$ cat entry-v6.cif   # mmCIF, C-alpha atoms and all ligand atoms
data_start
#
loop_
_atom_site.label_atom_id
_atom_site.label_comp_id
_atom_site.auth_asym_id
_atom_site.auth_seq_id
_atom_site.Cartn_x
_atom_site.Cartn_y
_atom_site.Cartn_z
CA MET A 8 -0.87 -198.83 -10.01
CA LYS A 9 1.55 -198.89 -7.09
CA LYS A 10 0.44 -196.53 -4.31
CA ILE A 11 3.20 -195.12 -2.15
CA LEU A 12 2.98 -192.89 0.88
CA LEU A 13 6.00 -190.64 1.24
CA LYS A 14 6.60 -189.12 4.67
CA LEU A 15 8.72 -185.99 4.42
CA SER A 16 9.78 -184.12 7.52
CA GLY A 17 9.71 -180.33 7.53
CA GLU A 18 13.49 -180.32 7.79
CA SER A 19 13.72 -181.53 4.19
CA PHE A 20 12.79 -177.93 3.33
CA GLY A 21 15.19 -176.16 5.66
CA LYS A 22 16.37 -175.94 9.26
CA ASN A 23 14.39 -172.79 9.97
CA GLY A 24 11.66 -171.94 7.51
CA ILE A 25 11.74 -172.83 3.81
CA ASP A 26 14.96 -172.67 1.84
CA SER A 27 14.24 -172.27 -1.88
CA LYS A 28 17.14 -174.45 -3.03
CA MET A 29 16.16 -177.28 -0.70
CA LEU A 30 12.50 -177.00 -1.72
CA GLU A 31 13.37 -177.13 -5.41
CA ARG A 32 15.59 -180.15 -4.93
CA VAL A 33 12.82 -182.03 -3.07
CA ALA A 34 10.33 -181.09 -5.83
CA ARG A 35 12.70 -182.31 -8.56
CA GLU A 36 13.19 -185.70 -6.87
CA ILE A 37 9.42 -186.08 -6.43
CA ALA A 38 8.75 -185.06 -10.03
CA VAL A 39 11.01 -187.86 -11.30
CA VAL A 40 8.99 -190.38 -9.29
CA ALA A 41 5.61 -188.86 -10.19
CA LYS A 42 6.35 -189.19 -13.90
CA ASN A 43 7.00 -192.89 -13.36
CA GLU A 44 3.43 -194.29 -13.17
CA ILE A 45 3.48 -194.29 -9.38
CA ALA A 46 0.67 -192.83 -7.29
CA LEU A 47 2.24 -190.75 -4.57
CA ALA A 48 0.58 -189.48 -1.39
CA ILE A 49 2.92 -187.14 0.46
CA VAL A 50 2.47 -186.48 4.17
CA ILE A 51 4.43 -183.45 5.14
CA GLY A 52 5.81 -182.44 8.54
CA GLY A 53 6.15 -178.95 9.96
CA GLY A 54 9.25 -179.15 12.14
CA ASN A 55 11.14 -176.50 10.13
CA ILE A 56 8.50 -173.98 11.23
CA TRP A 57 6.83 -175.16 14.42
CA ARG A 58 6.91 -178.17 16.68
CA TRP A 59 5.32 -178.35 20.08
CA ARG A 60 8.47 -179.82 21.62
CA ASP A 61 10.70 -177.01 20.27
CA ASN A 62 8.39 -174.40 21.79
CA SER A 63 7.44 -175.96 25.11
CA HIS A 64 9.25 -173.07 26.86
CA LEU A 65 6.17 -170.95 26.05
CA ALA A 66 4.54 -171.96 29.30
CA SER A 67 1.38 -169.91 28.71
CA LEU A 68 0.62 -171.68 25.42
CA PRO A 69 -1.40 -174.85 26.05
CA ARG A 70 0.05 -178.00 24.50
CA ALA A 71 -2.97 -178.66 22.28
CA GLU A 72 -2.88 -175.10 20.86
CA SER A 73 0.84 -175.38 20.22
CA ASP A 74 0.20 -178.66 18.42
CA PHE A 75 -2.34 -176.94 16.16
CA LEU A 76 0.34 -174.39 15.26
CA GLY A 77 2.49 -177.35 14.22
CA MET A 78 -0.36 -178.65 12.06
CA LEU A 79 -0.69 -175.19 10.48
CA ALA A 80 3.06 -175.26 9.77
CA THR A 81 2.47 -178.35 7.64
CA VAL A 82 0.00 -176.31 5.56
CA PHE A 83 2.78 -173.77 4.82
CA ASN A 84 5.09 -176.56 3.65
CA ALA A 85 2.34 -178.27 1.64
CA ALA A 86 1.49 -175.05 -0.21
CA ALA A 87 5.15 -174.37 -0.97
CA LEU A 88 5.76 -177.92 -2.21
CA ALA A 89 2.60 -177.91 -4.33
CA ALA A 90 3.68 -174.68 -6.02
CA ALA A 91 7.18 -176.04 -6.67
CA LEU A 92 5.71 -179.25 -8.17
CA ARG A 93 3.26 -177.32 -10.35
CA LYS A 94 6.19 -175.36 -11.72
CA LEU A 95 7.55 -178.74 -12.85
CA LYS A 96 4.20 -179.51 -14.53
CA ILE A 97 3.06 -182.04 -11.95
CA ASN A 98 -0.68 -182.15 -11.38
CA VAL A 99 -1.01 -182.03 -7.61
CA LYS A 100 -3.73 -181.39 -5.08
CA VAL A 101 -3.36 -180.46 -1.41
CA PHE A 102 -5.74 -181.85 1.20
CA SER A 103 -5.63 -180.66 4.78
CA ALA A 104 -6.93 -182.24 7.97
CA VAL A 105 -7.07 -178.78 9.59
CA ALA A 106 -8.95 -175.72 8.31
CA ALA A 107 -6.87 -173.94 5.66
CA PRO A 108 -7.70 -171.26 3.05
CA VAL A 109 -9.51 -172.90 0.12
CA GLU A 110 -6.95 -171.27 -2.15
CA LEU A 111 -4.30 -173.51 -0.55
CA ALA A 112 -5.99 -176.77 0.33
CA GLU A 113 -9.18 -178.78 0.17
CA LYS A 114 -10.59 -180.29 3.34
CA TYR A 115 -9.23 -183.85 3.65
CA SER A 116 -11.67 -186.60 2.82
CA PRO A 117 -10.39 -190.14 2.26
CA THR A 118 -12.72 -190.65 -0.72
CA ALA A 119 -11.73 -187.45 -2.54
CA ALA A 120 -8.04 -187.95 -1.74
CA ARG A 121 -8.08 -191.53 -3.01
CA LYS A 122 -9.91 -190.58 -6.17
CA PHE A 123 -7.41 -187.84 -7.05
CA LEU A 124 -4.47 -190.05 -6.10
CA GLU A 125 -5.59 -192.93 -8.29
CA LYS A 126 -6.51 -190.69 -11.21
CA SER A 127 -3.83 -188.05 -11.25
CA GLY A 128 -0.89 -189.31 -9.32
CA VAL A 129 0.20 -186.87 -6.60
CA ILE A 130 -1.54 -185.60 -3.49
CA ILE A 131 -0.06 -183.68 -0.57
CA LEU A 132 -1.62 -184.27 2.82
CA ALA A 133 -1.26 -181.45 5.34
CA GLY A 134 -2.45 -181.13 8.93
CA GLY A 135 -1.22 -184.55 10.08
CA THR A 136 -4.06 -186.40 11.80
CA GLY A 137 -5.89 -183.12 12.54
CA LYS A 138 -5.57 -183.95 16.25
CA PRO A 139 -3.08 -182.77 18.89
CA PHE A 140 -0.67 -184.92 20.96
CA VAL A 141 0.66 -186.87 17.99
CA THR A 142 3.01 -186.18 15.09
CA THR A 143 2.89 -186.35 11.32
CA ASP A 144 4.46 -189.84 11.48
CA SER A 145 1.19 -191.05 12.97
CA GLY A 146 -0.62 -189.05 10.30
CA ALA A 147 1.43 -190.83 7.64
CA ALA A 148 0.60 -194.26 9.05
CA LEU A 149 -3.11 -193.47 9.32
CA ARG A 150 -3.32 -192.10 5.80
CA ALA A 151 -1.36 -195.03 4.36
CA ALA A 152 -3.88 -197.41 5.91
CA GLU A 153 -6.87 -195.30 4.86
CA LEU A 154 -5.70 -194.85 1.27
CA LYS A 155 -4.59 -198.49 1.04
CA CYS A 156 -1.00 -197.73 0.11
CA ASN A 157 1.37 -200.60 -0.69
CA LEU A 158 4.42 -199.04 0.95
CA VAL A 159 5.42 -196.18 3.24
CA VAL A 160 8.64 -194.46 2.34
CA LYS A 161 10.09 -192.47 5.23
CA ALA A 162 12.65 -189.89 4.17
CA THR A 163 15.04 -189.12 6.99
CA ASN A 164 18.58 -187.86 7.65
CA VAL A 165 20.18 -191.16 8.66
CA ASP A 166 20.77 -194.26 6.53
CA GLY A 167 17.90 -196.29 7.97
CA VAL A 168 17.03 -198.14 11.17
CA PHE A 169 20.01 -198.91 13.42
CA ASP A 170 20.33 -201.25 16.40
CA GLN A 171 21.50 -198.21 18.44
CA ASP A 172 21.38 -194.46 17.86
CA PRO A 173 24.01 -193.87 15.12
CA ARG A 174 24.50 -190.29 16.33
CA LYS A 175 25.50 -191.55 19.77
CA SER A 176 27.29 -194.83 19.05
CA LYS A 177 30.05 -195.55 16.54
CA THR A 178 29.29 -199.28 16.68
CA ALA A 179 25.64 -198.81 15.66
CA LYS A 180 24.71 -201.32 12.96
CA LEU A 181 22.29 -200.61 10.11
CA LEU A 182 19.47 -203.16 9.99
CA GLU A 183 18.59 -203.82 6.36
CA GLU A 184 15.47 -205.67 7.36
CA VAL A 185 13.63 -205.66 10.65
CA ASP A 186 10.16 -206.67 11.73
CA TYR A 187 7.72 -204.24 13.34
CA LYS A 188 7.56 -206.35 16.51
CA THR A 189 11.31 -205.99 17.10
CA ALA A 190 11.34 -202.30 16.10
CA ILE A 191 8.57 -201.56 18.61
CA ARG A 192 10.00 -203.75 21.39
CA GLU A 193 13.54 -202.35 21.04
CA LYS A 194 12.21 -198.79 20.46
CA LEU A 195 14.25 -198.51 17.26
CA GLY A 196 13.66 -194.80 16.56
CA VAL A 197 13.46 -192.88 13.25
CA MET A 198 9.68 -193.12 13.25
CA ASP A 199 7.09 -192.76 16.00
CA LEU A 200 6.35 -196.09 17.63
CA GLN A 201 2.66 -195.29 17.38
CA ALA A 202 3.08 -195.02 13.61
CA PHE A 203 4.86 -198.38 13.54
CA ARG A 204 1.98 -199.93 15.52
CA ILE A 205 -0.60 -198.68 12.99
CA LEU A 206 1.50 -199.86 10.04
CA ALA A 207 2.14 -203.26 11.62
CA LYS A 208 -1.60 -203.75 12.14
CA SER A 209 -2.31 -202.69 8.55
CA GLY A 210 0.42 -204.92 7.13
CA ILE A 211 2.08 -202.05 5.25
CA PRO A 212 5.91 -202.18 5.08
CA THR A 213 8.05 -199.08 5.59
CA CYS A 214 11.26 -198.25 3.79
CA VAL A 215 13.44 -195.87 5.82
CA PHE A 216 16.14 -194.14 3.78
CA ASN A 217 18.51 -191.17 3.83
CA PHE A 218 16.98 -188.30 1.87
CA GLU A 219 20.19 -186.30 2.10
CA LYS A 220 21.62 -188.72 -0.51
CA ARG A 221 20.37 -187.77 -3.95
CA GLY A 222 18.47 -190.23 -6.12
CA LEU A 223 17.52 -192.61 -3.32
CA LEU A 224 13.84 -191.62 -3.34
CA LYS A 225 13.37 -193.03 -6.84
CA LYS A 226 15.09 -196.28 -5.85
CA ALA A 227 13.08 -196.52 -2.61
CA VAL A 228 9.71 -196.26 -4.40
CA GLU A 229 10.91 -198.82 -6.93
CA GLY A 230 11.34 -201.21 -4.00
CA LYS A 231 15.15 -201.28 -4.19
CA ASN A 232 17.25 -201.87 -1.11
CA VAL A 233 18.30 -198.35 -0.12
CA GLY A 234 18.15 -198.28 3.67
CA SER A 235 16.02 -200.38 5.98
CA LEU A 236 12.82 -202.24 5.31
CA VAL A 237 10.51 -202.59 8.31
CA LYS A 238 7.79 -205.18 7.75
N1 LIG B 301 1.15 -182.21 15.07
C1 LIG B 301 0.03 -182.61 15.81
N2 LIG B 301 -0.79 -183.59 15.29
C2 LIG B 301 -0.54 -184.21 14.10
C3 LIG B 301 0.60 -183.81 13.38
C4 LIG B 301 1.42 -182.82 13.86
O1 LIG B 301 -0.22 -182.10 16.89
O2 LIG B 301 -1.31 -185.08 13.71
C5 LIG B 301 1.96 -181.07 15.54
C6 LIG B 301 2.98 -181.44 16.62
O3 LIG B 301 3.14 -180.36 17.50
C7 LIG B 301 4.26 -181.60 15.80
C8 LIG B 301 4.10 -180.51 14.75
O4 LIG B 301 2.70 -180.53 14.47
O5 LIG B 301 5.40 -181.40 16.58
C9 LIG B 301 4.90 -180.70 13.47
O6 LIG B 301 4.81 -182.04 13.03
P1 LIG B 301 6.07 -183.04 13.09
O7 LIG B 301 6.83 -182.84 14.36
O8 LIG B 301 5.54 -184.41 12.86
O9 LIG B 301 6.91 -182.54 11.86
P2 LIG B 301 8.27 -183.13 11.28
O10 LIG B 301 9.18 -183.45 12.44
O11 LIG B 301 7.93 -184.37 10.52
O12 LIG B 301 8.80 -182.04 10.40
#
$ encode --input "entry-v6.cif" --output "structure tokens"
Amino acid sequence: MKKILLKLSGESFGKNGIDSKMLERVAREIAVVAKNEIALAIVIGGGNIWRWRDNSHLASLPRAESDFLGMLATVFNAAALAAALRKLKINVKVFSAVAAPVELAEKYSPTAARKFLEKSGVIILAGGTGKPFVTTDSGAALRAAELKCNLVVKATNVDGVFDQDPRKSKTAKLLEEVDYKTAIREKLGVMDLQAFRILAKSGIPTCVFNFEKRGLLKKAVEGKNVGSLVK
């Protein structure tokens, strides 16, 4: 069975908090994939609720504590997504790398997560790495390596990896295929460079695609050319 790690940023659920229409749309796209004999591990971000860098003006709040608030934000998103998927009859389990109510998530263990993933199809991984000073992109890379996924699928709001920032330059060119070495050397954004380093070492390719375009998730997990492939 093909094992895919899907990295979803918090903004797929809304700009500020969770928007029910956006949540339902994400759940529907995932349900289509989950019914397709693909094992899906979803690492979820928290940027729609809390990010250290969006709150660094709170000078009295230490960075590490602010980062833990970000990790807790991912638990909110994970619980909301799990509920939306269950409504669509998808059997899903949430694991968290940070302490969360048992009603919402089980403590993350690679063995338990892998077992559920291989048996039942969909797991949601909250809490990122469980450690401050990094982001859920690094969490996604670590979990993909740990769970021995075949592919990372990074859902974002641009068409893929560009040779320059497409929001700043009109001449930016989409790179359909790029190697990790070049992506790291040229600092070709869209995903944390630390995440790219882990994935390069583990030999797991990453497909970067635009999640704002409907239907691309299904094509991405099927290995179709829908954005950029970093390998
Ligand atoms: N975070 C962290 N360690 C992790 C994952 C996340 O400290 O392993 C914190 C960090 O402050 C980050 C926030 O949680 O800004 C939300 O995660 P992220 O920015 O990756 O969310 P996304 O942008 O993907 O929605």
$ residues_around --input "entry-v6.cif" --residues "stretch 65-77 of chain A" --least-positions-apart "5" --cutoff "9 Å" --atoms "all atoms listed in the file" --output "JSON, numbers by chain"
{"A": [52, 53, 54, 56, 57, 58, 59, 60, 105, 134, 137, 138, 139, 140, 141, 142]}
$ closest_residue --input "entry-v6.cif" --among "A:Val159, A:Leu181, A:Leu206, A:Leu224" --to "A:Arg35" --atoms "only C-alpha atoms"
A:Leu224
$ residues_around --input "entry-v6.cif" --residues "A:Lys208" --least-positions-apart "6" --cutoff "12 Å" --atoms "only C-alpha atoms" --output "PyMOL selection string"
chain A and resi 148-149+151-152+187-188+201-202+238
$ write_last_selection --input "entry-v6.cif" --atoms "C-alpha atoms" --output "compact mmCIF listing (two decimals), in the coordinates of the input"
# COMPACT_ATOMS: atom_id res chain seq x y z
CA ALA A 148 0.60 -194.26 9.05
CA LEU A 149 -3.11 -193.47 9.32
CA ALA A 151 -1.36 -195.03 4.36
CA ALA A 152 -3.88 -197.41 5.91
CA TYR A 187 7.72 -204.24 13.34
CA LYS A 188 7.56 -206.35 16.51
CA GLN A 201 2.66 -195.29 17.38
CA ALA A 202 3.08 -195.02 13.61
CA LYS A 238 7.79 -205.18 7.75
$ closest_residue --input "entry-v6.cif" --among "A:Leu95, A:Lys42, A:Glu219, A:Val237" --to "A:Glu18" --atoms "all atoms listed in the file"
A:Glu219
$ atom_distance --input "entry-v6.cif" --atom1 "atom CA of A:Ser235" --atom2 "atom CA of A:Ile49"
19.4 Å
$ closest_residue --input "entry-v6.cif" --among "A:Pro108, A:Gly21, A:Pro117, A:Gly146" --to "A:Ile205" --atoms "only C-alpha atoms"
A:Gly146
$ residues_around --input "entry-v6.cif" --residues "A:Ala190" --least-positions-apart "4" --cutoff "9 Å" --atoms "all atoms listed in the file" --output "ChimeraX atom specification"
/A:168,185-186,194-196,200,203,237
$ closest_residue --input "entry-v6.cif" --among "A:Thr118, A:Ser127, A:Asn23, A:Asn232" --to "A:Asp166" --atoms "only C-alpha atoms"
A:Asn232
$ residues_near_point --input "entry-v6.cif" --point "(-5.4, -183.5, 3.0)" --cutoff "10 Å" --atoms "only C-alpha atoms" --output "PyMOL selection string"
chain A and resi 48-50+82+85+100-105+112-117+119-120+130-137+150
$ closest_residue --input "entry-v6.cif" --among "A:Asn62, A:Thr178, A:Gln171, A:Thr189" --to "ligand LIG 301 (chain B)" --atoms "only C-alpha atoms and all ligand atoms"
A:Asn62
$ closest_residue --input "entry-v6.cif" --among "A:Arg32, A:Lys161, A:Lys10, A:Arg204" --to "ligand LIG 301 (chain B)" --atoms "all atoms listed in the file"
A:Lys161
$ residues_around --input "entry-v6.cif" --residues "A:Lys155" --least-positions-apart "6" --cutoff "10 Å" --atoms "all atoms listed in the file" --output "list of chain:residue names"
A:Lys10, A:Ile11, A:Leu12, A:Arg121, A:Leu149, A:Ser209, A:Ile211
